Every structure is written in structure tokens, then in C-alpha cells.
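Down below is the structure, laid out as C-alpha cells.
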Amino acid sequence: MEGIAMELLSLRYFQTVARLENMTRAAETLQVSQPALSKMIGNLEKELTIKLFDRTGKYIRLNEYGRRFLAKVDLALQTLDDGKTELHDMAERPSGTVVIYIQVGSYLLPDMITSFRKLYPEAEFKLLQHDQNLRESPAYDLCLSSSPFRMPGNESIALITEEIMLAVPSDHRLAHRKSIRLSELAEDGFISLKRGKQLREMTDSLCLAAGFTPRIIYECDEPSMVRSLVHSGLGVSFIPSITWGGSQGSSSVLIPIEEPVSTRTIEITWYTNRYMTQVAKKFKEFVQVYFKQL
């Protein structure tokens, strides 16, 4: 029994060293001494009769053998973790934690979680932000995204299609209009989310379809800051009509875009090859009903 536990431990230690490629940082993360960690990795390589790392002085780099072995170790350890979770779930002792990868809909998420916890107060949530520097596919239970977001081994359900509107200050020259063509804003200064966000990529494409490259005068991390800057009269911005909660104030006006067609579809996504806990299944069902009521 001790041998099995020790082998699993060495695999978890190898996984951490392989991802960090730094023995000192790995030892600090694992809270073990560096000599003990080095010895364990050395013993693993002896057992495999293959060097998993290229070593130059104090630096280590995962080699091709190591990369292939890491892929198998990741899969094996994830399968074991899923098995443990499934057993607890079957025994009616679910972990109670739902891991959500948030690509869109952060404005609505607090209300969703609060409403869900009224039904299931034992539920807990871990949130992965969409701008994290993720080196590999994130390990989530559910993902809120806009199409066409795709991860290998995922399945998605469309939740809602919302209109992307243009927010302008109330004293803007077009504020009185019932609708606009996007090309009419070619000379305006835009307030936008930073590059890499799904909405930013989409709205840049809309502007290109309208025949111009948007002149971005402010880039923000959060939707609330985008709205605040528009309210202050500092520029115009694209606003999703539902998931951003509209303009929220009298100092700006939301105007439909008649050309080009400006909509996006919000989806909920999950891995098909991973076990989903009962609480995650209940939250997925809850989210589908929640969006139908919007």
C-alpha cells in the first residue's frame, strides 16, 4: 500500500516540476526540501530508465520524453481525481464545488450564484477568469462563453442570442437616432475591452466589416469601467444588451446597429470525458432556466 501511495506521490511531484521547470520553485510549491524532490525525480527516471529532463547547471528543461510522459501523467491523475469525486458523489457526499471558466457573463454570475445557493446552500464555486495566462486547457466543470469558443472534448448548449448595441454619451451627435450604421462611427474614439477578450475580437471584426479599423482611445479590463467611461462622455462603446445589463444610467444612450448585423450567442460548455458532479449538473440545469427567463 505504501509503495502505491509513494508512486502516486512521485507522479504528482513530477507533474509540478514538469510544469514549473524549476526545482527550487517546485520544492517551495510542494513544501518539500529541494534535495528530497531531486532524489524523487531521479528515482522516477531510474525506474523508467529514461531521462525526462535536460539539465544544464542548475536549470532543467522538460525534454520530448518528459513531455510525452507528462501528458499521460496528467490524464492518469485527472482520472483518479474524477474517480474519487464520483465515489463521494455516489455516497451522497459531493464535494459541493463547481469550477466555472468565465469567458462572458461575469455581470450576471453573482446573481446566478446567489439564486442557486438559495436552493443549494452547500454549493461552493471556484471561478477561473477569462484573461488568465493558462498554459494548458483549463480544468473546469462548466464554461460560459460566446460561440465559436471550442476546447477539445467539449460539448456546448446555446443559452441566448443577444444584440450588440452601441453606447454613446447622451450629448453625442447620434444620440437621438433610433438605429445607426456602424460605418457612421468610423471617426469616433472607441472605449473597449483589452485585446484577447472575446467581445473585443468580435467588435473589431464588426468594424472591419463596416470598412474601418476602430480607433481605440481607452482599453479596460472590466465591463463596468467601459460603461463608466462612456457615461463620462469620453467615447463610444459596444455594449451587449443582456449580459452587460444595458447602459444603466441617463448619461448614455444605447442605439441598435442596423448594419452590419451585430449579435452574439452565449453558450454553456463542459468536458464530455470528465465526470460531472451532481451539484455541477444541477447548476448547469439552473443556468439554462435562468437564461430562458432573461
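We name chains A, B, ... following the order of the C-alpha cells; residues begin at 1 in each chain, and ligands are numbered from 1 as shown.
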
Please tabulate, as a Markdown table, the residues of segment 59-132 of chain A that come within 10 Å of segment 251-269 of chain A, each with its closest pair of atoms and the distance in Å to one decimal, counting only C-alpha atoms and ordering rows by chain, then residue number upward.
| residue | atom | partner | partner_atom | distance |
| --- | --- | --- | --- | --- |
| A:Ile100 | CA | A:Thr269 | CA | 9.8 |
| A:Tyr101 | CA | A:Thr269 | CA | 9.3 |
| A:Ile102 | CA | A:Ile268 | CA | 9.9 |
| A:Gln103 | CA | A:Ile266 | CA | 9.7 |
| A:Val104 | CA | A:Ile266 | CA | 7.7 |
| A:Gly105 | CA | A:Ile266 | CA | 8.3 |

Keeping only all heavy atoms, write those residues as a PDB file, in the first residue's frame.
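Result written to part31.pdb:
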ATOM      1  N   ILE A 100     -16.041  27.145 -12.574  1.00  0.00           N
ATOM      2  CA  ILE A 100     -16.605  27.825 -13.747  1.00  0.00           C
ATOM      3  C   ILE A 100     -15.519  28.653 -14.427  1.00  0.00           C
ATOM      4  O   ILE A 100     -14.851  29.474 -13.788  1.00  0.00           O
ATOM      5  CB  ILE A 100     -17.771  28.755 -13.357  1.00  0.00           C
ATOM      6  CG1 ILE A 100     -18.830  27.983 -12.566  1.00  0.00           C
ATOM      7  CG2 ILE A 100     -18.398  29.366 -14.610  1.00  0.00           C
ATOM      8  CD1 ILE A 100     -19.960  28.851 -12.093  1.00  0.00           C
ATOM      9  N   TYR A 101     -15.360  28.442 -15.715  1.00  0.00           N
ATOM     10  CA  TYR A 101     -14.434  29.228 -16.539  1.00  0.00           C
ATOM     11  C   TYR A 101     -15.261  30.325 -17.205  1.00  0.00           C
ATOM     12  O   TYR A 101     -16.140  30.050 -18.017  1.00  0.00           O
ATOM     13  CB  TYR A 101     -13.780  28.313 -17.567  1.00  0.00           C
ATOM     14  CG  TYR A 101     -12.724  28.948 -18.441  1.00  0.00           C
ATOM     15  CD1 TYR A 101     -11.940  30.004 -17.998  1.00  0.00           C
ATOM     16  CD2 TYR A 101     -12.493  28.453 -19.728  1.00  0.00           C
ATOM     17  CE1 TYR A 101     -10.963  30.550 -18.805  1.00  0.00           C
ATOM     18  CE2 TYR A 101     -11.510  28.988 -20.543  1.00  0.00           C
ATOM     19  CZ  TYR A 101     -10.749  30.040 -20.076  1.00  0.00           C
ATOM     20  OH  TYR A 101      -9.779  30.578 -20.884  1.00  0.00           O
ATOM     21  N   ILE A 102     -14.979  31.576 -16.855  1.00  0.00           N
ATOM     22  CA  ILE A 102     -15.840  32.695 -17.275  1.00  0.00           C
ATOM     23  C   ILE A 102     -15.233  33.404 -18.478  1.00  0.00           C
ATOM     24  O   ILE A 102     -14.274  34.165 -18.356  1.00  0.00           O
ATOM     25  CB  ILE A 102     -16.025  33.699 -16.128  1.00  0.00           C
ATOM     26  CG1 ILE A 102     -16.430  32.989 -14.848  1.00  0.00           C
ATOM     27  CG2 ILE A 102     -17.083  34.741 -16.504  1.00  0.00           C
ATOM     28  CD1 ILE A 102     -16.265  33.838 -13.622  1.00  0.00           C
ATOM     29  N   GLN A 103     -15.800  33.152 -19.633  1.00  0.00           N
ATOM     30  CA  GLN A 103     -15.416  33.897 -20.835  1.00  0.00           C
ATOM     31  C   GLN A 103     -16.322  35.108 -21.029  1.00  0.00           C
ATOM     32  O   GLN A 103     -15.878  36.153 -21.479  1.00  0.00           O
ATOM     33  CB  GLN A 103     -15.500  32.978 -22.064  1.00  0.00           C
ATOM     34  CG  GLN A 103     -14.421  31.918 -22.149  1.00  0.00           C
ATOM     35  CD  GLN A 103     -13.131  32.460 -22.761  1.00  0.00           C
ATOM     36  OE1 GLN A 103     -13.154  33.378 -23.573  1.00  0.00           O
ATOM     37  NE2 GLN A 103     -12.014  31.891 -22.364  1.00  0.00           N
ATOM     38  N   VAL A 104     -17.595  34.940 -20.725  1.00  0.00           N
ATOM     39  CA  VAL A 104     -18.584  36.029 -20.828  1.00  0.00           C
ATOM     40  C   VAL A 104     -19.549  35.919 -19.651  1.00  0.00           C
ATOM     41  O   VAL A 104     -19.566  34.918 -18.941  1.00  0.00           O
ATOM     42  CB  VAL A 104     -19.383  35.957 -22.161  1.00  0.00           C
ATOM     43  CG1 VAL A 104     -18.475  36.059 -23.364  1.00  0.00           C
ATOM     44  CG2 VAL A 104     -20.195  34.658 -22.220  1.00  0.00           C
ATOM     45  N   GLY A 105     -20.367  36.953 -19.459  1.00  0.00           N
ATOM     46  CA  GLY A 105     -21.450  36.889 -18.491  1.00  0.00           C
ATOM     47  C   GLY A 105     -21.057  37.140 -17.054  1.00  0.00           C
ATOM     48  O   GLY A 105     -21.819  36.803 -16.139  1.00  0.00           O
TER      49      GLY A 105
END

* Which neighbours of Lys58 of chain A fall inside 10 Å, counting only C-alpha atoms, when residues of the same chain fewer than 2 positions from it are skipped, and could you give them as a VMD selection string? -> chain A and resid 22 to 24 55 to 56 60

* For Gly196 of chain A, which residue out of A:His172, A:Ile216, A:Asp221, A:Ser33 is the nearest one, using only C-alpha atoms? ->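 Using only C-alpha atoms, the shortest distance to Gly196 of chain A belongs to A:Asp221.
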
* Asked: What is the distance between atom CA of Gly235 of chain A and atom CA of Leu174 of chain A, in Å to one decimal?
  ->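 A separation of 12.4 Å between them.
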
* Please provide as a list in words all residues within 9 Å of segment 279-290 of chain A, with the sequence filter that same-chain residues fewer than 5 positions apart are discarded (counting only C-alpha atoms). => Pro94, Ser95, Gly96, Thr97, Val98, Val99, Met112, Ile113, Phe116, Tyr120, Ala123, Asp141, Leu142, Ile157, Ala158, Leu159 and Ile268 of chain A

* Which of these residues is nearest to Arg61 of chain A, using only C-alpha atoms: A:Leu8, A:Leu234, A:Leu37, A:Val17? ->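 Of the candidates, the smallest distance to Arg61 of chain A is held by A:Val17.
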
* Which polymer residues have any atom within 10 Å of an atom of Ala167 of chain A, counting only C-alpha atoms, with same-chain residues fewer than 6 positions away left out, as a list in words? ->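 Counting only the stated atoms, we get Ala175, Phe190, Ile191, Val226, Arg227, Val230, His231, Gly235, Val236, Ser237, Phe238, Ile239, Pro240, Ser241, Gly246, Ser247, Ser252, Val253, Leu254, Ile255 and Pro256 of chain A.
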
Can you spit out the residues from that selection as a PDB file, in the first residue's frame, using N, CA, C and O atoms?
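What ended up in out.pdb:
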ATOM      1  N   ALA A 175     -27.071  60.520 -30.682  1.00  0.00           N
ATOM      2  CA  ALA A 175     -27.822  60.020 -29.527  1.00  0.00           C
ATOM      3  C   ALA A 175     -29.329  59.998 -29.760  1.00  0.00           C
ATOM      4  O   ALA A 175     -30.045  59.215 -29.128  1.00  0.00           O
ATOM      5  N   PHE A 190     -13.216  54.923 -29.651  1.00  0.00           N
ATOM      6  CA  PHE A 190     -13.905  53.806 -29.001  1.00  0.00           C
ATOM      7  C   PHE A 190     -13.275  53.480 -27.651  1.00  0.00           C
ATOM      8  O   PHE A 190     -12.050  53.540 -27.484  1.00  0.00           O
ATOM      9  N   ILE A 191     -14.146  53.109 -26.721  1.00  0.00           N
ATOM     10  CA  ILE A 191     -13.724  52.556 -25.427  1.00  0.00           C
ATOM     11  C   ILE A 191     -13.979  51.060 -25.508  1.00  0.00           C
ATOM     12  O   ILE A 191     -15.083  50.632 -25.843  1.00  0.00           O
ATOM     13  N   VAL A 226     -15.776  50.196 -18.720  1.00  0.00           N
ATOM     14  CA  VAL A 226     -16.183  50.635 -20.060  1.00  0.00           C
ATOM     15  C   VAL A 226     -17.423  51.510 -19.952  1.00  0.00           C
ATOM     16  O   VAL A 226     -17.488  52.613 -20.511  1.00  0.00           O
ATOM     17  N   ARG A 227     -18.433  51.037 -19.212  1.00  0.00           N
ATOM     18  CA  ARG A 227     -19.668  51.813 -19.063  1.00  0.00           C
ATOM     19  C   ARG A 227     -19.404  53.156 -18.389  1.00  0.00           C
ATOM     20  O   ARG A 227     -19.957  54.186 -18.781  1.00  0.00           O
ATOM     21  N   VAL A 230     -17.940  55.677 -20.811  1.00  0.00           N
ATOM     22  CA  VAL A 230     -18.960  56.179 -21.740  1.00  0.00           C
ATOM     23  C   VAL A 230     -19.847  57.185 -21.020  1.00  0.00           C
ATOM     24  O   VAL A 230     -20.168  58.256 -21.558  1.00  0.00           O
ATOM     25  N   HIS A 231     -20.266  56.849 -19.788  1.00  0.00           N
ATOM     26  CA  HIS A 231     -21.103  57.775 -19.004  1.00  0.00           C
ATOM     27  C   HIS A 231     -20.412  59.127 -18.818  1.00  0.00           C
ATOM     28  O   HIS A 231     -21.068  60.169 -18.756  1.00  0.00           O
ATOM     29  N   GLY A 235     -16.107  58.682 -24.869  1.00  0.00           N
ATOM     30  CA  GLY A 235     -16.076  57.926 -26.111  1.00  0.00           C
ATOM     31  C   GLY A 235     -17.319  57.079 -26.265  1.00  0.00           C
ATOM     32  O   GLY A 235     -18.266  57.190 -25.480  1.00  0.00           O
ATOM     33  N   VAL A 236     -17.309  56.231 -27.299  1.00  0.00           N
ATOM     34  CA  VAL A 236     -18.427  55.327 -27.571  1.00  0.00           C
ATOM     35  C   VAL A 236     -17.949  53.903 -27.353  1.00  0.00           C
ATOM     36  O   VAL A 236     -16.749  53.624 -27.333  1.00  0.00           O
ATOM     37  N   SER A 237     -18.898  52.969 -27.210  1.00  0.00           N
ATOM     38  CA  SER A 237     -18.506  51.587 -26.955  1.00  0.00           C
ATOM     39  C   SER A 237     -19.605  50.621 -27.383  1.00  0.00           C
ATOM     40  O   SER A 237     -20.785  50.990 -27.447  1.00  0.00           O
ATOM     41  N   PHE A 238     -19.196  49.398 -27.651  1.00  0.00           N
ATOM     42  CA  PHE A 238     -20.147  48.311 -27.887  1.00  0.00           C
ATOM     43  C   PHE A 238     -20.615  47.763 -26.539  1.00  0.00           C
ATOM     44  O   PHE A 238     -19.807  47.535 -25.633  1.00  0.00           O
ATOM     45  N   ILE A 239     -21.929  47.532 -26.411  1.00  0.00           N
ATOM     46  CA  ILE A 239     -22.498  47.021 -25.158  1.00  0.00           C
ATOM     47  C   ILE A 239     -23.430  45.847 -25.477  1.00  0.00           C
ATOM     48  O   ILE A 239     -24.440  46.030 -26.168  1.00  0.00           O
ATOM     49  N   PRO A 240     -23.136  44.643 -24.991  1.00  0.00           N
ATOM     50  CA  PRO A 240     -24.097  43.541 -25.112  1.00  0.00           C
ATOM     51  C   PRO A 240     -25.363  43.875 -24.343  1.00  0.00           C
ATOM     52  O   PRO A 240     -25.307  44.287 -23.183  1.00  0.00           O
ATOM     53  N   SER A 241     -26.507  43.715 -24.980  1.00  0.00           N
ATOM     54  CA  SER A 241     -27.752  44.250 -24.431  1.00  0.00           C
ATOM     55  C   SER A 241     -28.251  43.509 -23.192  1.00  0.00           C
ATOM     56  O   SER A 241     -28.986  44.076 -22.387  1.00  0.00           O
ATOM     57  N   GLY A 246     -27.285  46.399 -20.003  1.00  0.00           N
ATOM     58  CA  GLY A 246     -27.692  47.653 -20.629  1.00  0.00           C
ATOM     59  C   GLY A 246     -26.814  48.830 -20.238  1.00  0.00           C
ATOM     60  O   GLY A 246     -25.730  48.669 -19.689  1.00  0.00           O
ATOM     61  N   SER A 247     -27.285  50.033 -20.496  1.00  0.00           N
ATOM     62  CA  SER A 247     -26.465  51.235 -20.288  1.00  0.00           C
ATOM     63  C   SER A 247     -26.404  51.655 -18.817  1.00  0.00           C
ATOM     64  O   SER A 247     -25.461  52.279 -18.384  1.00  0.00           O
ATOM     65  N   SER A 252     -25.911  58.110 -20.834  1.00  0.00           N
ATOM     66  CA  SER A 252     -25.554  57.480 -22.102  1.00  0.00           C
ATOM     67  C   SER A 252     -26.797  56.861 -22.723  1.00  0.00           C
ATOM     68  O   SER A 252     -27.818  56.664 -22.055  1.00  0.00           O
ATOM     69  N   VAL A 253     -26.698  56.569 -24.011  1.00  0.00           N
ATOM     70  CA  VAL A 253     -27.830  56.047 -24.774  1.00  0.00           C
ATOM     71  C   VAL A 253     -27.379  54.798 -25.515  1.00  0.00           C
ATOM     72  O   VAL A 253     -26.284  54.762 -26.081  1.00  0.00           O
ATOM     73  N   LEU A 254     -28.232  53.761 -25.520  1.00  0.00           N
ATOM     74  CA  LEU A 254     -27.964  52.554 -26.289  1.00  0.00           C
ATOM     75  C   LEU A 254     -28.707  52.618 -27.622  1.00  0.00           C
ATOM     76  O   LEU A 254     -29.916  52.856 -27.653  1.00  0.00           O
ATOM     77  N   ILE A 255     -27.977  52.413 -28.709  1.00  0.00           N
ATOM     78  CA  ILE A 255     -28.558  52.511 -30.050  1.00  0.00           C
ATOM     79  C   ILE A 255     -28.343  51.194 -30.787  1.00  0.00           C
ATOM     80  O   ILE A 255     -27.208  50.696 -30.861  1.00  0.00           O
ATOM     81  N   PRO A 256     -29.406  50.601 -31.356  1.00  0.00           N
ATOM     82  CA  PRO A 256     -29.242  49.385 -32.154  1.00  0.00           C
ATOM     83  C   PRO A 256     -28.398  49.648 -33.403  1.00  0.00           C
ATOM     84  O   PRO A 256     -28.442  50.734 -33.980  1.00  0.00           O
TER      85      PRO A 256
END

* To do: Taking the DSSP assignment computed from this structure's backbone, write out as a list of chain:residue names all residues of segment 29-90 of chain A that belong to strand (DSSP E or B).
  =>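 Selection result, strand (DSSP E or B) within segment 29-90 of chain A: A:Phe53, A:Asp54, A:Arg55, A:Thr56, A:Tyr59, A:Ile60, A:Arg61, A:Leu62.
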
Residues from last step as file, N, CA and C atoms, as a short mmCIF file (atom, residue, chain, number, x, y, z; two decimals), in the first residue's frame:
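result-v1.cif, freshly written:
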data_model
loop_
_atom_site.label_atom_id
_atom_site.label_comp_id
_atom_site.auth_asym_id
_atom_site.auth_seq_id
_atom_site.Cartn_x
_atom_site.Cartn_y
_atom_site.Cartn_z
N PHE A 53 14.21 15.03 -18.18
CA PHE A 53 14.60 16.44 -18.22
C PHE A 53 16.00 16.56 -18.82
N ASP A 54 16.24 17.66 -19.50
CA ASP A 54 17.59 18.05 -19.91
C ASP A 54 18.11 19.01 -18.84
N ARG A 55 19.28 18.75 -18.33
CA ARG A 55 19.84 19.55 -17.24
C ARG A 55 21.07 20.30 -17.71
N THR A 56 21.08 21.61 -17.46
CA THR A 56 22.23 22.46 -17.75
C THR A 56 22.54 23.27 -16.50
N TYR A 59 19.71 24.62 -14.20
CA TYR A 59 18.48 24.74 -14.97
C TYR A 59 18.03 23.37 -15.48
N ILE A 60 16.72 23.13 -15.50
CA ILE A 60 16.17 21.91 -16.06
C ILE A 60 15.11 22.26 -17.09
N ARG A 61 15.02 21.46 -18.12
CA ARG A 61 14.01 21.65 -19.16
C ARG A 61 13.39 20.30 -19.49
N LEU A 62 12.09 20.26 -19.57
CA LEU A 62 11.39 19.04 -19.94
C LEU A 62 11.76 18.67 -21.38
#

* Asked: Hey, which of A:Leu70, A:Leu193, A:Ile217, A:Ile50 ends up closest to Leu11 of chain A? Count only C-alpha atoms.
  ->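 Closest candidate: A:Leu70.
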
* Compile the contact shell of Phe14 of chain A as a PyMOL selection string: residues with an atom at most 12 Å away, counting only C-alpha atoms, same-chain residues fewer than 6 positions apart removed. => chain A and resi 7-8+20-23+26-27+30+37-45+52-53+62+66-67+69-74+77

Preceding selection exported with C-alpha atoms as a short mmCIF file (atom, residue, chain, number, x, y, z; two decimals), in the first residue's frame:
data_model
loop_
_atom_site.label_atom_id
_atom_site.label_comp_id
_atom_site.auth_asym_id
_atom_site.auth_seq_id
_atom_site.Cartn_x
_atom_site.Cartn_y
_atom_site.Cartn_z
CA GLU A 7 4.37 6.11 -6.74
CA LEU A 8 1.34 8.39 -6.95
CA LEU A 20 7.42 24.84 -13.48
CA GLU A 21 10.72 23.59 -14.96
CA ASN A 22 12.36 24.94 -11.84
CA MET A 23 13.35 22.64 -9.00
CA ALA A 26 8.63 23.28 -7.38
CA ALA A 27 10.05 22.41 -3.95
CA LEU A 30 5.16 21.26 -2.83
CA LEU A 37 12.48 16.42 -4.55
CA SER A 38 15.55 15.96 -6.76
CA LYS A 39 16.06 12.46 -5.35
CA MET A 40 12.44 11.52 -6.02
CA ILE A 41 12.63 12.73 -9.63
CA GLY A 42 15.92 10.87 -10.04
CA ASN A 43 14.36 7.65 -8.71
CA LEU A 44 11.43 8.05 -11.11
CA GLU A 45 13.84 8.40 -14.05
CA LEU A 52 12.71 13.14 -18.51
CA PHE A 53 14.60 16.44 -18.22
CA LEU A 62 11.39 19.04 -19.94
CA GLY A 66 9.23 14.16 -20.46
CA ARG A 67 6.54 15.97 -22.47
CA PHE A 69 5.14 11.23 -20.15
CA LEU A 70 3.56 14.40 -18.67
CA ALA A 71 0.56 14.06 -20.99
CA LYS A 72 -0.04 10.52 -19.70
CA VAL A 73 0.52 11.55 -16.07
CA ASP A 74 -1.95 14.44 -16.41
CA LEU A 77 -4.06 11.77 -12.20
#

* **All helix (DSSP H, G or I) positions in segment 5-245 of chain A, as a PyMOL selection string** => chain A and resi 5-20+23-30+34-48+64-90+109-119+182-185+198-209+223-231

* Nearest residue to Thr243 of chain A from the set A:Cys220, A:Leu108, A:Met276, A:Leu206 (distances using only C-alpha atoms) ->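 Ranked by minimum distance to Thr243 of chain A, first place goes to A:Leu108.
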
* Asked: How many Å lie between atom CA of Val32 of chain A and atom CA of Ser10 of chain A, rounded to one decimal?
  ->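 A separation of 12.2 Å between them.
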
* To do: Would you mind reading off the distance between atom CA of Glu86 of chain A and atom CA of Arg274 of chain A, one decimal, in Å?
  =>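 The value is 10.2 Å.
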